[in-house]
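Source file: my_file10.cif; contents: mmCIF, C-alpha atoms.
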```
data_final
#
loop_
_atom_site.label_atom_id
_atom_site.label_comp_id
_atom_site.auth_asym_id
_atom_site.auth_seq_id
_atom_site.Cartn_x
_atom_site.Cartn_y
_atom_site.Cartn_z
CA MET A 1 0.00 0.00 0.00
CA THR A 2 1.06 3.60 -0.54
CA SER A 3 0.92 5.93 2.47
CA LYS A 4 -2.27 7.48 1.12
CA GLU A 5 -3.94 4.11 0.59
CA ARG A 6 -2.85 2.94 4.04
CA MET A 7 -4.16 6.03 5.83
CA LEU A 8 -7.46 6.12 3.95
CA CYS A 9 -7.95 2.44 4.69
CA ALA A 10 -7.58 3.13 8.42
CA ILE A 11 -9.77 6.25 8.27
CA GLU A 12 -12.53 4.15 6.75
CA GLY A 13 -12.29 1.66 9.61
CA ARG A 14 -10.62 -1.05 7.60
CA ILE A 15 -7.38 -2.96 8.14
CA PRO A 16 -4.30 -1.71 6.21
CA ASP A 17 -1.09 -3.59 5.47
CA ARG A 18 0.67 -2.13 8.52
CA LEU A 19 0.10 0.43 11.23
CA PRO A 20 -0.04 3.95 9.70
CA VAL A 21 2.11 6.50 11.56
CA THR A 22 2.12 10.29 11.32
CA VAL A 23 2.27 13.57 13.24
CA HIS A 24 -0.22 16.37 13.72
CA GLN A 25 0.38 19.67 11.89
CA TRP A 26 4.17 19.86 11.64
CA GLN A 27 4.91 23.32 13.00
CA PRO A 28 7.02 25.90 11.12
CA TYR A 29 9.19 26.43 14.22
CA HIS A 30 10.25 22.77 14.28
CA LEU A 31 10.77 22.65 10.52
CA LYS A 32 13.05 25.70 10.70
CA THR A 33 14.88 24.78 13.91
CA TYR A 34 15.29 21.01 13.59
CA MET A 35 14.62 20.10 9.95
CA ASN A 36 16.85 22.61 8.12
CA GLY A 37 13.88 24.54 6.77
CA MET A 38 12.29 21.61 4.96
CA SER A 39 8.66 21.71 3.94
CA ASP A 40 6.26 19.52 5.91
CA ILE A 41 6.05 17.10 2.97
CA GLU A 42 9.85 16.83 2.84
CA ALA A 43 10.12 16.40 6.61
CA ASN A 44 7.63 13.54 6.66
CA LYS A 45 9.58 11.79 3.92
CA ALA A 46 12.91 12.39 5.70
CA CYS A 47 11.56 10.78 8.89
CA GLY A 48 9.79 7.93 7.11
CA LEU A 49 6.30 8.97 8.19
CA ASP A 50 2.96 8.64 6.43
CA ALA A 51 2.30 12.31 5.76
CA SER A 52 -0.75 14.19 7.05
CA ILE A 53 -0.52 17.61 5.39
CA ASN A 54 -2.72 20.59 6.23
CA VAL A 55 -3.55 23.28 3.68
CA PHE A 56 -5.46 26.39 4.66
CA SER A 57 -4.91 29.77 3.06
CA VAL A 58 -7.70 32.25 2.37
CA SER A 59 -8.13 35.75 0.99
CA GLY A 60 -10.98 38.23 1.05
CA GLU A 61 -11.35 38.56 4.82
CA GLU A 62 -11.96 42.29 4.34
CA SER A 63 -14.64 44.28 2.54
CA ASP A 64 -15.97 47.83 2.27
CA THR A 65 -18.12 47.14 5.35
CA TRP A 66 -15.49 45.08 7.25
CA LYS A 67 -12.29 47.14 7.09
CA VAL A 68 -9.35 45.58 8.94
CA SER A 69 -6.23 47.44 10.02
CA SER A 70 -3.48 46.38 12.39
CA THR A 71 -0.47 47.58 14.33
CA ARG A 72 2.44 45.63 15.80
CA GLU A 73 3.86 46.01 19.31
CA GLN A 74 7.17 44.32 20.09
CA ARG A 75 7.57 42.68 23.49
CA GLU A 76 10.26 40.52 25.01
CA GLY A 77 10.30 37.20 23.15
CA PHE A 78 7.12 37.85 21.17
CA TYR A 79 5.05 40.57 19.59
CA VAL A 80 1.43 41.63 19.84
CA LYS A 81 -0.70 42.33 16.79
CA HIS A 82 -3.56 44.73 17.49
CA TYR A 83 -6.53 44.65 15.08
CA THR A 84 -9.19 47.27 14.44
CA ILE A 85 -12.25 46.36 12.39
CA GLU A 86 -14.47 49.18 11.12
CA THR A 87 -18.08 48.44 10.17
CA PRO A 88 -20.97 50.79 9.30
CA ASP A 89 -22.46 50.20 12.76
CA GLY A 90 -19.40 50.20 15.01
CA ILE A 91 -15.79 49.29 15.63
CA LEU A 92 -14.40 46.00 16.96
CA THR A 93 -10.89 45.46 18.31
CA ALA A 94 -8.83 42.37 19.08
CA SER A 95 -5.21 41.43 19.82
CA GLU A 96 -3.11 38.30 19.52
CA GLY A 97 0.32 37.39 20.79
CA ILE A 98 2.72 35.80 18.32
CA SER A 99 5.93 34.00 19.22
CA PRO A 100 8.30 31.90 17.10
CA MET A 101 6.38 28.80 18.27
CA THR A 102 2.71 29.76 18.34
CA SER A 103 0.03 32.46 18.65
CA TRP A 104 -2.71 33.14 21.19
CA VAL A 105 -5.63 35.51 21.75
CA MET A 106 -4.92 38.38 24.13
CA GLU A 107 -7.99 40.54 23.52
CA HIS A 108 -11.24 38.95 22.41
CA LEU A 109 -13.08 40.41 19.44
CA ILE A 110 -16.53 40.11 21.03
CA LYS A 111 -16.85 42.16 24.23
CA LYS A 112 -20.51 43.13 24.31
CA GLU A 113 -23.51 40.97 23.56
CA GLU A 114 -24.57 43.20 20.67
CA ASP A 115 -21.17 42.78 18.97
CA ILE A 116 -22.28 39.49 17.47
CA HIS A 117 -24.66 41.36 15.18
CA LEU A 118 -21.71 43.11 13.53
CA LEU A 119 -20.28 39.69 12.71
CA ARG A 120 -23.62 38.55 11.32
CA ARG A 121 -24.19 41.63 9.19
CA TYR A 122 -20.76 42.47 7.89
CA ARG A 123 -18.08 39.80 8.24
CA PRO A 124 -17.34 38.44 4.73
CA VAL A 125 -16.82 34.78 3.92
CA PRO A 126 -13.29 34.44 2.48
CA LYS A 127 -12.08 32.53 -0.56
CA LEU A 128 -9.87 29.45 -0.29
CA ASP A 129 -6.61 29.52 -2.25
CA ARG A 130 -7.56 26.73 -4.62
CA LYS A 131 -4.31 27.02 -6.57
CA LEU A 132 -2.26 26.33 -3.44
CA VAL A 133 -4.46 23.33 -2.65
CA ALA A 134 -3.87 21.89 -6.11
CA GLN A 135 -0.11 22.50 -5.90
CA THR A 136 0.12 20.84 -2.49
CA TYR A 137 -1.98 17.89 -3.62
CA ASP A 138 0.32 17.34 -6.59
CA ALA A 139 3.45 17.67 -4.43
CA LEU A 140 2.12 15.20 -1.87
CA GLY A 141 1.06 12.53 -4.35
CA GLU A 142 0.68 9.12 -2.75
CA ASP A 143 2.89 9.97 0.23
CA GLY A 144 -0.03 10.76 2.54
CA ILE A 145 -3.37 12.49 3.01
CA LEU A 146 -4.41 16.12 2.53
CA ARG A 147 -6.29 17.92 5.28
CA THR A 148 -7.82 21.36 5.76
CA PHE A 149 -9.72 23.41 8.33
CA ILE A 150 -13.08 25.09 8.36
CA TRP A 151 -12.61 28.85 8.25
CA GLY A 152 -12.76 30.81 11.51
CA LYS A 153 -10.48 31.25 14.49
CA GLN A 154 -11.03 27.50 14.91
CA GLY A 155 -13.00 24.87 13.01
CA GLY A 156 -15.79 24.02 15.44
CA CYS A 157 -18.49 26.56 16.27
CA TRP A 158 -17.99 26.26 20.04
CA GLN A 159 -14.20 26.53 19.81
CA ASP A 160 -14.54 29.48 17.44
CA ALA A 161 -16.91 31.22 19.85
CA CYS A 162 -14.45 30.67 22.71
CA GLU A 163 -11.69 32.33 20.68
CA LEU A 164 -13.94 35.28 19.91
CA TYR A 165 -15.49 35.79 23.37
CA GLY A 166 -13.32 33.88 25.86
CA VAL A 167 -13.90 30.37 27.14
CA GLU A 168 -14.69 31.37 30.72
CA ASN A 169 -17.05 34.09 29.53
CA LEU A 170 -18.82 31.70 27.20
CA ILE A 171 -19.24 28.99 29.84
CA LEU A 172 -20.82 31.52 32.22
CA MET A 173 -23.14 32.71 29.45
CA THR A 174 -24.44 29.16 28.94
CA TYR A 175 -26.01 29.64 32.39
CA ASP A 176 -26.74 33.39 32.33
CA ASP A 177 -28.06 33.73 28.78
CA PRO A 178 -28.08 30.44 26.84
CA GLU A 179 -30.23 31.94 24.08
CA TRP A 180 -27.47 34.46 23.32
CA VAL A 181 -24.90 31.66 23.14
CA HIS A 182 -27.07 29.75 20.69
CA GLU A 183 -27.52 32.92 18.63
CA LEU A 184 -23.75 33.35 18.42
CA LEU A 185 -23.25 29.70 17.49
CA GLN A 186 -25.95 29.95 14.81
CA ILE A 187 -24.18 32.97 13.29
CA LEU A 188 -20.87 31.13 13.21
CA LEU A 189 -22.47 27.97 11.84
CA GLY A 190 -24.14 29.92 9.04
CA GLN A 191 -20.85 31.49 8.01
CA LYS A 192 -19.01 28.16 8.16
CA LEU A 193 -21.68 26.46 6.07
CA ALA A 194 -21.39 29.28 3.53
CA TYR A 195 -17.60 28.79 3.47
CA ILE A 196 -18.07 25.06 2.83
CA GLU A 197 -20.56 25.61 0.00
CA GLU A 198 -18.53 28.36 -1.67
CA ASN A 199 -15.05 26.86 -1.36
CA LEU A 200 -14.80 23.12 -0.80
CA PRO A 201 -16.74 21.34 -3.58
CA GLY A 202 -14.30 19.73 -5.98
CA MET A 203 -11.29 20.10 -3.68
CA PRO A 204 -9.12 16.97 -3.13
CA PHE A 205 -9.19 16.93 0.67
CA ASP A 206 -9.08 13.59 2.45
CA LEU A 207 -10.02 15.05 5.87
CA VAL A 208 -11.57 18.30 7.05
CA GLU A 209 -10.83 19.21 10.68
CA THR A 210 -13.59 20.43 13.00
CA GLY A 211 -14.06 20.52 16.77
CA GLY A 212 -11.37 21.96 19.02
CA GLY A 213 -9.89 21.64 22.47
CA ALA A 214 -12.52 23.84 24.10
CA SER A 215 -15.14 21.20 23.35
CA SER A 216 -13.20 18.68 25.46
CA ASN A 217 -14.59 17.48 28.78
CA THR A 218 -11.56 18.88 30.60
CA VAL A 219 -12.90 22.33 29.59
CA ILE A 220 -16.68 21.95 29.58
CA SER A 221 -19.13 19.44 31.04
CA PRO A 222 -20.75 16.73 28.92
CA ASP A 223 -24.07 18.55 29.40
CA ILE A 224 -22.68 21.77 27.89
CA HIS A 225 -21.09 19.77 25.08
CA GLU A 226 -24.38 18.04 24.31
CA GLU A 227 -26.37 21.28 24.15
CA PHE A 228 -23.87 23.72 22.67
CA CYS A 229 -21.50 21.57 20.58
CA LEU A 230 -23.32 18.49 19.34
CA PRO A 231 -26.18 20.09 17.31
CA TYR A 232 -23.79 22.41 15.45
CA ASP A 233 -21.19 19.70 14.90
CA ILE A 234 -23.83 17.45 13.33
CA LYS A 235 -24.91 20.14 10.87
CA MET A 236 -21.35 20.93 9.84
CA HIS A 237 -20.39 17.28 9.43
CA ASP A 238 -23.52 16.61 7.39
CA ALA A 239 -22.72 19.56 5.13
CA LEU A 240 -19.23 18.17 4.55
CA LYS A 241 -20.56 14.67 3.95
CA LYS A 242 -22.99 16.03 1.36
CA HIS A 243 -19.99 17.03 -0.75
CA GLY A 244 -18.14 13.77 -0.17
CA PHE A 245 -15.75 14.98 2.55
CA ARG A 246 -14.72 13.07 5.66
CA SER A 247 -14.54 15.11 8.88
CA VAL A 248 -12.06 14.62 11.70
CA TYR A 249 -13.26 15.81 15.11
CA HIS A 250 -10.38 17.26 17.10
CA THR A 251 -10.51 17.15 20.90
CA CYS A 252 -7.04 17.91 22.27
CA GLY A 253 -8.27 17.63 25.85
CA GLY A 254 -10.38 15.16 27.76
CA MET A 255 -12.70 12.88 25.82
CA THR A 256 -13.51 9.96 28.11
CA ARG A 257 -16.78 11.58 29.25
CA ILE A 258 -17.91 12.73 25.80
CA ALA A 259 -16.80 9.78 23.64
CA ASP A 260 -20.41 8.66 23.30
CA LEU A 261 -21.38 12.16 22.11
CA ILE A 262 -18.53 12.26 19.58
CA ALA A 263 -19.83 8.96 18.22
CA LYS A 264 -23.18 10.69 17.60
CA ASN A 265 -21.92 13.87 15.91
CA HIS A 266 -21.64 12.31 12.41
CA CYS A 267 -17.86 12.78 12.15
CA SER A 268 -15.78 10.28 10.18
CA VAL A 269 -12.74 10.23 12.48
CA SER A 270 -11.97 11.20 16.08
CA GLU A 271 -8.64 12.56 17.32
CA THR A 272 -6.44 13.11 19.44
CA LEU A 273 -6.73 10.33 22.08
CA SER A 274 -4.62 12.53 24.35
CA PRO A 275 -3.21 11.03 27.57
CA SER A 276 -3.40 12.92 30.85
CA ALA A 277 0.25 13.96 30.57
CA VAL A 278 -0.51 16.26 27.61
CA GLY A 279 -3.82 17.69 28.81
CA GLY A 280 -6.22 14.86 27.99
CA ASP A 281 -7.87 12.53 30.47
CA ILE A 282 -6.90 9.08 29.17
CA GLY A 283 -4.99 7.93 32.22
CA ASP A 284 -4.82 4.15 31.95
CA ARG A 285 -5.86 1.09 29.97
CA GLU A 286 -9.37 1.29 31.36
CA ASP A 287 -9.78 4.80 29.94
CA GLU A 288 -8.35 3.70 26.61
CA GLN A 289 -10.79 0.81 26.46
CA LYS A 290 -13.70 3.08 27.34
CA VAL A 291 -12.88 5.50 24.51
CA TYR A 292 -12.18 2.67 22.07
CA ASN A 293 -15.44 0.89 22.82
CA ALA A 294 -17.45 4.08 22.43
CA LEU A 295 -15.84 5.21 19.17
CA HIS A 296 -14.30 2.34 17.23
CA PRO A 297 -17.56 0.82 15.99
CA PHE A 298 -18.53 4.15 14.42
CA VAL A 299 -15.46 6.23 13.46
CA GLY A 300 -11.78 5.93 12.66
CA LEU A 301 -9.22 6.92 15.30
CA ILE A 302 -6.10 9.10 15.12
CA GLY A 303 -3.59 10.00 17.83
CA GLY A 304 -2.46 8.57 21.14
CA MET A 305 1.28 9.35 21.20
CA ASP A 306 2.50 11.69 23.95
CA GLN A 307 4.53 14.19 21.93
CA PHE A 308 6.33 15.67 24.93
CA HIS A 309 7.18 12.93 27.44
CA ILE A 310 7.69 10.11 24.94
CA LEU A 311 8.55 11.56 21.53
CA GLU A 312 10.59 14.49 22.81
CA THR A 313 12.46 12.98 25.76
CA GLY A 314 11.95 9.23 25.45
CA THR A 315 14.60 6.70 24.56
CA LYS A 316 14.41 4.49 21.48
CA GLU A 317 13.18 1.62 23.65
CA GLU A 318 10.55 3.77 25.38
CA ILE A 319 9.23 4.99 22.04
CA GLU A 320 9.09 1.46 20.65
CA THR A 321 7.31 0.19 23.77
CA GLU A 322 4.72 2.97 23.60
CA VAL A 323 4.09 2.39 19.90
CA ARG A 324 3.37 -1.28 20.56
CA ARG A 325 1.18 -0.44 23.57
CA LEU A 326 -0.91 2.08 21.62
CA TYR A 327 -1.36 -0.39 18.77
CA GLU A 328 -2.64 -2.98 21.24
CA SER A 329 -5.03 -0.44 22.81
CA PHE A 330 -6.42 1.22 19.69
CA GLY A 331 -5.25 -0.57 16.56
CA LEU A 332 -5.59 -4.34 16.80
CA ASP A 333 -8.66 -4.36 14.54
CA GLY A 334 -7.51 -1.63 12.17
CA GLY A 335 -9.26 1.72 11.85
CA TYR A 336 -6.40 3.50 13.61
CA ILE A 337 -3.63 5.93 12.60
CA LEU A 338 -0.91 6.25 15.23
CA SER A 339 -0.05 9.92 15.56
CA ALA A 340 1.48 12.45 17.86
CA CYS A 341 -1.53 13.84 19.71
CA ASP A 342 -0.83 17.46 18.85
CA HIS A 343 1.83 20.04 18.07
CA PHE A 344 5.44 19.45 19.06
CA PHE A 345 8.32 21.91 19.07
CA GLU A 346 11.50 20.29 20.41
CA VAL A 347 11.32 16.64 19.30
CA PRO A 348 14.69 15.37 18.00
CA PRO A 349 14.37 14.18 14.38
CA GLN A 350 15.98 10.88 15.32
CA ASN A 351 13.14 10.21 17.77
CA LEU A 352 10.67 10.73 14.94
CA ARG A 353 12.56 8.10 12.95
CA TYR A 354 12.42 5.71 15.91
CA PHE A 355 8.68 6.41 16.05
CA SER A 356 8.22 5.70 12.35
CA ASP A 357 10.43 2.60 12.34
CA ALA A 358 8.60 1.08 15.31
CA ALA A 359 5.22 1.45 13.57
CA LYS A 360 6.56 0.09 10.29
CA ASN A 361 7.38 -3.16 12.07
CA ILE A 362 3.75 -3.71 13.05
CA PHE A 363 1.98 -5.61 10.29
CA TYR A 364 -1.62 -6.83 10.13
#
```
Here is the file; what I need is its structure written in the form of structure tokens.
Amino acid sequence: MTSKERMLCAIEGRIPDRLPVTVHQWQPYHLKTYMNGMSDIEANKACGLDASINVFSVSGEESDTWKVSSTREQREGFYVKHYTIETPDGILTASEGISPMTSWVMEHLIKKEEDIHLLRRYRPVPKLDRKLVAQTYDALGEDGILRTFIWGKQGGCWQDACELYGVENLILMTYDDPEWVHELLQILLGQKLAYIEENLPGMPFDLVETGGGASSNTVISPDIHEEFCLPYDIKMHDALKKHGFRSVYHTCGGMTRIADLIAKNHCSVSETLSPSAVGGDIGDREDEQKVYNALHPFVGLIGGMDQFHILETGTKEEIETEVRRLYESFGLDGGYILSACDHFFEVPPQNLRYFSDAAKNIFY
């Protein structure tokens, strides 16, 4: 099997020739610092991995009624980008911190309840760079699968809303004014559905990422997830499925208490199977079995590998042992892609080769 055939086989719940092995969103910092500036496709090939390549580049996020300007403020070790958005009915502001490794929200765009109406009335739906998608698809070939995101600060409606308003603020509003939260989520859903309809048909994506860490049960309760995540996730996944796309639901936090809900949200694949050591809540074999039993009959699985305490600092033997253990927990019956749970920044390239080699020795 080629890497693409192997990964698609697992995504579809079938049994490939061997255990597929990959990483999640190879970060530019690591490519520059540890991989001599290679592209993500080149780095996967250099480390012997089945590639999982993300493509997301859009234009047209401004218009005559949504005018965006920005300034940059340098700070020690990072900088802050301050945004001002002018609309006919008011001004919105936001800020994000940007370091060589990552970025984060420092000032939320939505501050007042009425701000959501400016998003609804004036925020334009951008255009996907279809030329870049085609170029990346051609460059990747059979060496792996092509992924993308749904436009927004994050793919899932709840995660997107948290980025725009603040996770603590949004959780409190589910109690204080749940109708307002649903109104915000409906606005975001409508814009995401428009993005799907206008941009994705005909594109060669193997997976489209939705969800987000804020939908994890280490952030919100299963009850909040069921009311404020599940209905919107279902509609987005159904819209993707209508155009022939598989969705991958990303929960980079706890999932043991919402695995049954993930199984109901119409996604094709669930990730990241994160252990407790990296912010998830899979703490032992019993937790792994609980998640597996809830999900494996319905969706493919991706993830499981602790990218910090095993991949970054583990020995060759520790990496090999963990690869075998994860295969026995999640992959015995196929339908599983072994992957680093999430982003990594300081993993030695040799450890990635140990990771790849260990998986390549596991045949079905």
Once the PyMOL selection byres ((chain A and resi 150-155) around 8) has been evaluated on this model, what residues remain selected, and can you format them as a PDB file with C-alpha atoms, in the coordinates of the input?
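Dumped everything to selection_33.pdb:
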```pdb
ATOM      1  CA  THR A 148      -7.820  21.360   5.760  1.00  0.00           C
ATOM      2  CA  PHE A 149      -9.720  23.410   8.330  1.00  0.00           C
ATOM      3  CA  GLY A 156     -15.790  24.020  15.440  1.00  0.00           C
ATOM      4  CA  CYS A 157     -18.490  26.560  16.270  1.00  0.00           C
ATOM      5  CA  GLN A 159     -14.200  26.530  19.810  1.00  0.00           C
ATOM      6  CA  ASP A 160     -14.540  29.480  17.440  1.00  0.00           C
ATOM      7  CA  GLU A 163     -11.690  32.330  20.680  1.00  0.00           C
ATOM      8  CA  LEU A 164     -13.940  35.280  19.910  1.00  0.00           C
ATOM      9  CA  LYS A 192     -19.010  28.160   8.160  1.00  0.00           C
ATOM     10  CA  TYR A 195     -17.600  28.790   3.470  1.00  0.00           C
ATOM     11  CA  ILE A 196     -18.070  25.060   2.830  1.00  0.00           C
ATOM     12  CA  VAL A 208     -11.570  18.300   7.050  1.00  0.00           C
ATOM     13  CA  GLU A 209     -10.830  19.210  10.680  1.00  0.00           C
ATOM     14  CA  THR A 210     -13.590  20.430  13.000  1.00  0.00           C
ATOM     15  CA  GLY A 211     -14.060  20.520  16.770  1.00  0.00           C
ATOM     16  CA  GLY A 212     -11.370  21.960  19.020  1.00  0.00           C
TER      17      GLY A 212
END
```
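The set of residues that the PyMOL selection byres ((chain A and resi 127) around 12) takes from this file is A:Phe56, A:Ser57, A:Val58, A:Ser59, A:Gly60, A:Glu61, A:Glu62, A:Pro124, A:Val125, A:Pro126, A:Leu128, A:Asp129, A:Arg130, A:Lys131, A:Leu132, A:Ile150, A:Trp151, A:Lys192, A:Ala194, A:Tyr195, A:Ile196, A:Glu197, A:Glu198, A:Asn199, A:Leu200.
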Residues of the last selection are to be written out with C-alpha atoms, as a tab-separated table (two decimals), in the coordinates of the input.
```tsv
chain	number	residue	atom	x	y	z
A	56	PHE	CA	-5.46	26.39	4.66
A	57	SER	CA	-4.91	29.77	3.06
A	58	VAL	CA	-7.70	32.25	2.37
A	59	SER	CA	-8.13	35.75	0.99
A	60	GLY	CA	-10.98	38.23	1.05
A	61	GLU	CA	-11.35	38.56	4.82
A	62	GLU	CA	-11.96	42.29	4.34
A	124	PRO	CA	-17.34	38.44	4.73
A	125	VAL	CA	-16.82	34.78	3.92
A	126	PRO	CA	-13.29	34.44	2.48
A	128	LEU	CA	-9.87	29.45	-0.29
A	129	ASP	CA	-6.61	29.52	-2.25
A	130	ARG	CA	-7.56	26.73	-4.62
A	131	LYS	CA	-4.31	27.02	-6.57
A	132	LEU	CA	-2.26	26.33	-3.44
A	150	ILE	CA	-13.08	25.09	8.36
A	151	TRP	CA	-12.61	28.85	8.25
A	192	LYS	CA	-19.01	28.16	8.16
A	194	ALA	CA	-21.39	29.28	3.53
A	195	TYR	CA	-17.60	28.79	3.47
A	196	ILE	CA	-18.07	25.06	2.83
A	197	GLU	CA	-20.56	25.61	0.00
A	198	GLU	CA	-18.53	28.36	-1.67
A	199	ASN	CA	-15.05	26.86	-1.36
A	200	LEU	CA	-14.80	23.12	-0.80
```
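Distances to Phe345 (chain A) were evaluated for A:Thr93, A:Ser52, A:Pro201, A:Thr313 using only C-alpha atoms, and the minimum falls at A:Thr313.
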Using all atoms listed in the file, which protein or nucleic acid residues come within 7 Å of region 144-146 of chain A? Drop anything in the same chain fewer than 5 positions from it, and give the result as a VMD selection string. chain A and resid 3 to 4 50 to 54 137 205 to 207
Selection in question (the file shown): the PyMOL selection byres ((chain A and resi 112) around 12). Which residues does it include, as a PyMOL selection string? chain A and resi 90-93+108-111+113-118+164-166+169-170+173+180+184
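Nearest-residue note for Thr256 (chain A): choosing from A:Leu189, A:Cys162, A:Leu295, A:Leu230, the minimum distance belongs to A:Leu295, counting all atoms listed in the file.
The environment of Glu312 (chain A) within 10 Å, counting all atoms listed in the file and disregarding residues fewer than 6 places along the same chain, consists of A:Asp306, A:Ile319, A:Phe344, A:Phe345, A:Glu346, A:Val347, A:Pro348, A:Pro349, A:Gln350, A:Asn351, A:Leu352.
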Write a file of the selected residues as a short mmCIF file (atom, residue, chain, number, x, y, z; two decimals), keeping the file's coordinate frame, keeping C-alpha atoms.
```cif
data_model
loop_
_atom_site.label_atom_id
_atom_site.label_comp_id
_atom_site.auth_asym_id
_atom_site.auth_seq_id
_atom_site.Cartn_x
_atom_site.Cartn_y
_atom_site.Cartn_z
CA ASP A 306 2.50 11.69 23.95
CA ILE A 319 9.23 4.99 22.04
CA PHE A 344 5.44 19.45 19.06
CA PHE A 345 8.32 21.91 19.07
CA GLU A 346 11.50 20.29 20.41
CA VAL A 347 11.32 16.64 19.30
CA PRO A 348 14.69 15.37 18.00
CA PRO A 349 14.37 14.18 14.38
CA GLN A 350 15.98 10.88 15.32
CA ASN A 351 13.14 10.21 17.77
CA LEU A 352 10.67 10.73 14.94
#
```
